[in-house]
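S.K.: If it helps, the file is called work.pdb and holds PDB, C-alpha atoms:
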```pdb
MODEL        1
ATOM      1  CA  MET V   2      91.906  74.293-239.579
ATOM      2  CA  ALA V   3      91.365  77.491-241.532
ATOM      3  CA  ASP V   4      92.962  78.160-244.891
ATOM      4  CA  LYS V   5      96.206  80.144-244.945
ATOM      5  CA  VAL V   6      95.458  83.816-245.583
ATOM      6  CA  ASP V   7      97.865  86.772-245.495
ATOM      7  CA  LEU V   8      96.189  88.825-242.759
ATOM      8  CA  SER V   9      98.415  91.848-243.340
ATOM      9  CA  THR V  10      96.559  92.561-246.585
ATOM     10  CA  LYS V  11      93.116  91.186-245.674
ATOM     11  CA  SER V  12      90.356  93.756-245.616
ATOM     12  CA  GLU V  13      87.325  91.571-246.127
ATOM     13  CA  TYR V  14      85.464  88.842-244.311
ATOM     14  CA  VAL V  15      86.792  85.284-244.673
ATOM     15  CA  SER V  16      84.811  82.732-242.676
ATOM     16  CA  GLY V  17      86.755  81.154-239.834
ATOM     17  CA  VAL V  18      89.800  83.283-240.648
ATOM     18  CA  CYS V  19      89.170  87.017-240.521
ATOM     19  CA  ASN V  20      86.067  88.860-239.317
ATOM     20  CA  ILE V  21      87.339  92.276-238.134
ATOM     21  CA  GLY V  22      89.107  95.212-239.732
ATOM     22  CA  PRO V  23      91.648  97.743-238.404
ATOM     23  CA  ALA V  24      89.343  99.638-236.011
ATOM     24  CA  GLU V  25      88.141  96.464-234.310
ATOM     25  CA  ILE V  26      91.667  95.014-234.261
ATOM     26  CA  ARG V  27      92.978  98.137-232.534
ATOM     27  CA  MET V  28      90.233  97.878-229.912
ATOM     28  CA  ARG V  29      91.073  94.188-229.253
ATOM     29  CA  ARG V  30      94.785  95.022-228.932
ATOM     30  CA  ASN V  31      93.982  97.785-226.418
ATOM     31  CA  PHE V  32      91.808  95.304-224.522
ATOM     32  CA  GLY V  33      94.814  92.967-224.444
ATOM     33  CA  TRP V  34      97.062  95.658-222.999
ATOM     34  CA  ALA V  35      94.433  96.515-220.370
ATOM     35  CA  GLY V  36      94.182  92.851-219.353
ATOM     36  CA  LEU V  37      97.952  92.535-219.152
ATOM     37  CA  ALA V  38      98.266  95.688-217.039
ATOM     38  CA  LEU V  39      95.484  94.543-214.717
ATOM     39  CA  THR V  40      97.143  91.135-214.349
ATOM     40  CA  VAL V  41     100.497  92.662-213.404
ATOM     41  CA  VAL V  42      98.962  95.167-210.974
ATOM     42  CA  LEU V  43      96.793  92.529-209.301
ATOM     43  CA  TRP V  44      99.699  90.098-208.999
ATOM     44  CA  LEU V  45     101.893  92.820-207.464
ATOM     45  CA  ILE V  46      99.178  93.777-204.999
ATOM     46  CA  PHE V  47      98.848  90.131-203.940
ATOM     47  CA  ILE V  48     102.612  89.859-203.463
ATOM     48  CA  LEU V  49     103.085  93.164-201.640
ATOM     49  CA  ALA V  50     100.056  92.584-199.397
ATOM     50  CA  HIS V  51     101.305  89.079-198.532
ATOM     51  CA  THR V  52      97.973  87.666-199.665
ATOM     52  CA  PRO V  53      97.611  83.905-199.202
ATOM     53  CA  GLN V  54      98.738  82.008-202.287
ATOM     54  CA  VAL V  55      95.283  80.659-203.059
ATOM     55  CA  TRP V  56      94.030  84.187-203.783
ATOM     56  CA  ARG V  57      96.676  84.626-206.469
ATOM     57  CA  ILE V  58      94.722  82.351-208.812
ATOM     58  CA  PHE V  59      92.369  85.273-209.346
ATOM     59  CA  VAL V  60      94.897  86.686-211.821
ATOM     60  CA  PHE V  61      93.317  84.098-214.143
ATOM     61  CA  LEU V  62      90.507  86.447-215.202
ATOM     62  CA  PRO V  63      92.536  89.501-216.255
ATOM     63  CA  ALA V  64      95.210  87.233-217.770
ATOM     64  CA  MET V  65      92.568  85.459-219.835
ATOM     65  CA  MET V  66      91.089  88.826-220.798
ATOM     66  CA  GLY V  67      94.477  90.108-221.949
ATOM     67  CA  ALA V  68      95.267  86.931-223.841
ATOM     68  CA  SER V  69      91.891  87.056-225.558
ATOM     69  CA  GLY V  70      92.442  90.635-226.700
ATOM     70  CA  PHE V  71      95.907  89.936-228.057
ATOM     71  CA  LEU V  72      94.839  86.696-229.759
ATOM     72  CA  GLN V  73      91.827  88.328-231.397
ATOM     73  CA  ALA V  74      94.016  91.179-232.656
ATOM     74  CA  ALA V  75      96.653  88.757-233.969
ATOM     75  CA  PHE V  76      94.093  86.492-235.656
ATOM     76  CA  HIS V  77      92.026  89.456-236.942
ATOM     77  CA  PHE V  78      89.080  87.587-235.553
ATOM     78  CA  CYS V  79      86.600  88.614-232.848
ATOM     79  CA  ALA V  80      85.450  85.603-230.844
ATOM     80  CA  GLY V  81      82.260  87.370-229.787
ATOM     81  CA  PHE V  82      81.421  88.263-233.371
ATOM     82  CA  GLY V  83      82.120  84.673-234.399
ATOM     83  CA  VAL V  84      79.631  83.345-231.859
ATOM     84  CA  ARG V  85      77.030  85.931-232.884
ATOM     85  CA  GLY V  86      77.549  85.308-236.608
ATOM     86  CA  VAL V  87      78.586  88.850-237.545
ATOM     87  CA  TYR V  88      81.653  90.710-238.854
ATOM     88  CA  ASN V  89      82.896  94.317-239.156
ATOM     89  CA  PHE V  90      85.348  95.888-241.577
ATOM     90  CA  THR V  91      84.015  99.436-241.317
ATOM     91  CA  LEU V  92      85.853 102.263-239.583
ATOM     92  CA  GLU V  93      83.112 102.311-236.937
ATOM     93  CA  VAL V  94      83.659  99.976-233.987
ATOM     94  CA  GLY V  95      80.644  97.800-233.259
ATOM     95  CA  LYS V  96      78.880  98.285-236.605
ATOM     96  CA  VAL V  97      78.268  94.728-237.764
ATOM     97  CA  THR V  98      77.059  92.820-240.791
ATOM     98  CA  GLU V  99      75.345  89.473-240.415
ATOM     99  CA  VAL V 100      76.917  86.296-241.771
ATOM    100  CA  THR V 101      74.234  84.531-243.786
ATOM    101  CA  GLN V 102      75.734  81.170-244.787
ATOM    102  CA  ALA V 103      75.415  78.317-242.280
ATOM    103  CA  GLU V 104      78.831  76.844-243.163
ATOM    104  CA  SER V 105      80.497  80.224-242.604
ATOM    105  CA  LYS V 106      78.766  80.587-239.231
ATOM    106  CA  LYS V 107      80.022  77.119-238.274
ATOM    107  CA  LYS V 108      83.621  78.002-239.187
ATOM    108  CA  ASP V 109      83.361  81.273-237.268
ATOM    109  CA  PHE V 110      81.987  79.516-234.199
ATOM    110  CA  GLN V 111      84.834  76.986-234.298
ATOM    111  CA  ARG V 112      87.465  79.755-234.529
ATOM    112  CA  SER V 113      85.767  81.557-231.629
ATOM    113  CA  MET V 114      85.958  78.437-229.468
ATOM    114  CA  GLN V 115      89.621  78.011-230.415
ATOM    115  CA  ILE V 116      90.420  81.576-229.316
ATOM    116  CA  ASN V 117      88.453  81.090-226.082
ATOM    117  CA  LEU V 118      90.305  77.842-225.359
ATOM    118  CA  TYR V 119      93.727  79.398-226.012
ATOM    119  CA  SER V 120      92.816  82.385-223.832
ATOM    120  CA  ALA V 121      91.683  80.124-220.987
ATOM    121  CA  LEU V 122      94.858  78.034-221.212
ATOM    122  CA  ILE V 123      97.024  81.156-221.090
ATOM    123  CA  GLY V 124      95.007  82.501-218.162
ATOM    124  CA  ALA V 125      95.389  79.173-216.354
ATOM    125  CA  ALA V 126      99.150  79.133-216.967
ATOM    126  CA  VAL V 127      99.502  82.651-215.558
ATOM    127  CA  ALA V 128      97.320  81.752-212.552
ATOM    128  CA  ALA V 129      99.436  78.654-211.920
ATOM    129  CA  ALA V 130     102.598  80.738-212.107
ATOM    130  CA  ALA V 131     101.104  83.291-209.710
ATOM    131  CA  TYR V 132     100.179  80.493-207.317
ATOM    132  CA  PHE V 133     103.448  78.537-207.403
ATOM    133  CA  ILE V 134     106.087  81.268-207.726
ATOM    134  CA  ARG V 135     107.332  82.120-204.260
ATOM    135  CA  THR V 136     108.509  85.627-203.528
ATOM    136  CA  GLY V 137     110.929  86.845-200.924
ATOM    137  CA  PHE V 138     109.088  90.064-200.139
TER     138      PHE V 138
ENDMDL
END
```
Output the structure of this file as structure tokens.
M.R.:
Amino acid sequence: MADKVDLSTKSEYVSGVCNIGPAEIRMRRNFGWAGLALTVVLWLIFILAHTPQVWRIFVFLPAMMGASGFLQAAFHFCAGFGVRGVYNFTLEVGKVTEVTQAESKKKDFQRSMQINLYSALIGAAVAAAAYFIRTGF
């Protein structure tokens, strides 16, 4: 597990803990909101259109997307950057610096997999809820 770091004051790369700054965090949070909105809209469409229950599991993808965005923003860590071995604390979204140390890359990869796992579990829980919750509409 990563060392405890106060993310509210962190403005530099810490392997396995923090690899994005405010601009990237804001983008991840917006991605989370988009995923959440898409999940809700899709679920409502399925309910209102009386779509067979099995189709409701497709809310998994936008739910996972939303969870991933929110988790990355909360952790101040981009899973994609962690896999690629890069970080960004500039004001320009997408401008990256390469991580050079092998141990740091390993920690970043592990944190990325953790975020991906949590996102998938949240997406699966939402899909299960969408499947099993019966509506009276």
S.K.: I need the residue nearest Trp34 in chain V from this list: V:Tyr14, V:Leu49, V:Trp56, V:Met66. Use all atoms listed in the file for the distance.
M.R.: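 Ranked by minimum distance to Trp34 in chain V, first place goes to V:Met66.
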S.K.: Hey, which of V:Phe59, V:Phe78, V:Leu43, V:Gln54 ends up closest to Arg29 in chain V? Count all atoms listed in the file.
M.R.: V:Phe78
S.K.: Kindly give the distance, in Å, that separates CA of Ile116 in chain V and CA of Gly67 in chain V, rounded to a single decimal.
M.R.: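 Rounded to one decimal, the two atoms are 12.0 Å apart.
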S.K.: Mind telling me what the PyMOL selection byres ((chain V and resi 39) around 12) catches here, as a list in words?
M.R.: Phe32, Gly33, Trp34, Ala35, Gly36, Leu37, Ala38, Thr40, Val41, Val42, Leu43, Trp44, Leu45, Ile46, Phe59, Val60, Phe61, Leu62, Pro63, Ala64, Met65, Met66, Gly67 and Ala68 of chain V
S.K.: Which one is closest to Gly86 in chain V: V:Glu99, V:Glu25, V:Glu104, V:Glu13? Count only C-alpha atoms.
M.R.: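 Closest to Gly86 in chain V of all the choices is V:Glu99.
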S.K.: Would you mind listing what lies within 10 Å of Met28 in chain V as JSON, numbers by chain, with all atoms listed in the file counted and same-chain residues fewer than 2 positions away left out?
M.R.: {"V": [23, 24, 25, 26, 30, 31, 32, 33, 34, 70, 71, 73, 74, 94]}
S.K.: What do you get, as a count of residues only, if you spell out every residue that the PyMOL selection byres ((chain V and resi 18-20) around 12) selects here?
M.R.: 56
S.K.: Padding 5 Å on each side, edges along x, y and z: where is the centre of the box around the listed atoms of range 73-80 of chain V, and how long are its edges in Å to one decimal? Output it as AutoDock Vina command-line options.
M.R.:
```
--center_x 91.1 --center_y 88.4 --center_z -233.9 --size_x 21.2 --size_y 15.6 --size_z 16.1
```
S.K.: If you measure from CA of Val55 in chain V to CA of Asn117 in chain V, what distance in Å do you get, rounded to one decimal?
M.R.: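 Value for the CA of Val55 in chain V-CA of Asn117 in chain V distance: 24.0 Å.
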S.K.: Between CA of Arg27 in chain V and CA of Lys96 in chain V, what distance in Å does the model show, to one decimal?
M.R.: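 Separating CA of Arg27 in chain V from CA of Lys96 in chain V is a distance of 14.7 Å.
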S.K.: Around the point (99.3, 82.3, -200.8) in the file's coordinates, collect all residues with an atom within 10 Å, using all atoms listed in the file, and return them as a ChimeraX atom specification.
M.R.: /V:47-48,51-58,131-135
S.K.: Restricting the output to C-alpha atoms, write the selected residues as a PDB file, keeping the file's coordinate frame.
M.R.:
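See selection39.pdb below for the written result:
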```
ATOM      1  CA  PHE V  47      98.848  90.131-203.940  1.00  0.00           C
ATOM      2  CA  ILE V  48     102.612  89.859-203.463  1.00  0.00           C
ATOM      3  CA  HIS V  51     101.305  89.079-198.532  1.00  0.00           C
ATOM      4  CA  THR V  52      97.973  87.666-199.665  1.00  0.00           C
ATOM      5  CA  PRO V  53      97.611  83.905-199.202  1.00  0.00           C
ATOM      6  CA  GLN V  54      98.738  82.008-202.287  1.00  0.00           C
ATOM      7  CA  VAL V  55      95.283  80.659-203.059  1.00  0.00           C
ATOM      8  CA  TRP V  56      94.030  84.187-203.783  1.00  0.00           C
ATOM      9  CA  ARG V  57      96.676  84.626-206.469  1.00  0.00           C
ATOM     10  CA  ILE V  58      94.722  82.351-208.812  1.00  0.00           C
ATOM     11  CA  ALA V 131     101.104  83.291-209.710  1.00  0.00           C
ATOM     12  CA  TYR V 132     100.179  80.493-207.317  1.00  0.00           C
ATOM     13  CA  PHE V 133     103.448  78.537-207.403  1.00  0.00           C
ATOM     14  CA  ILE V 134     106.087  81.268-207.726  1.00  0.00           C
ATOM     15  CA  ARG V 135     107.332  82.120-204.260  1.00  0.00           C
TER      16      ARG V 135
END
```
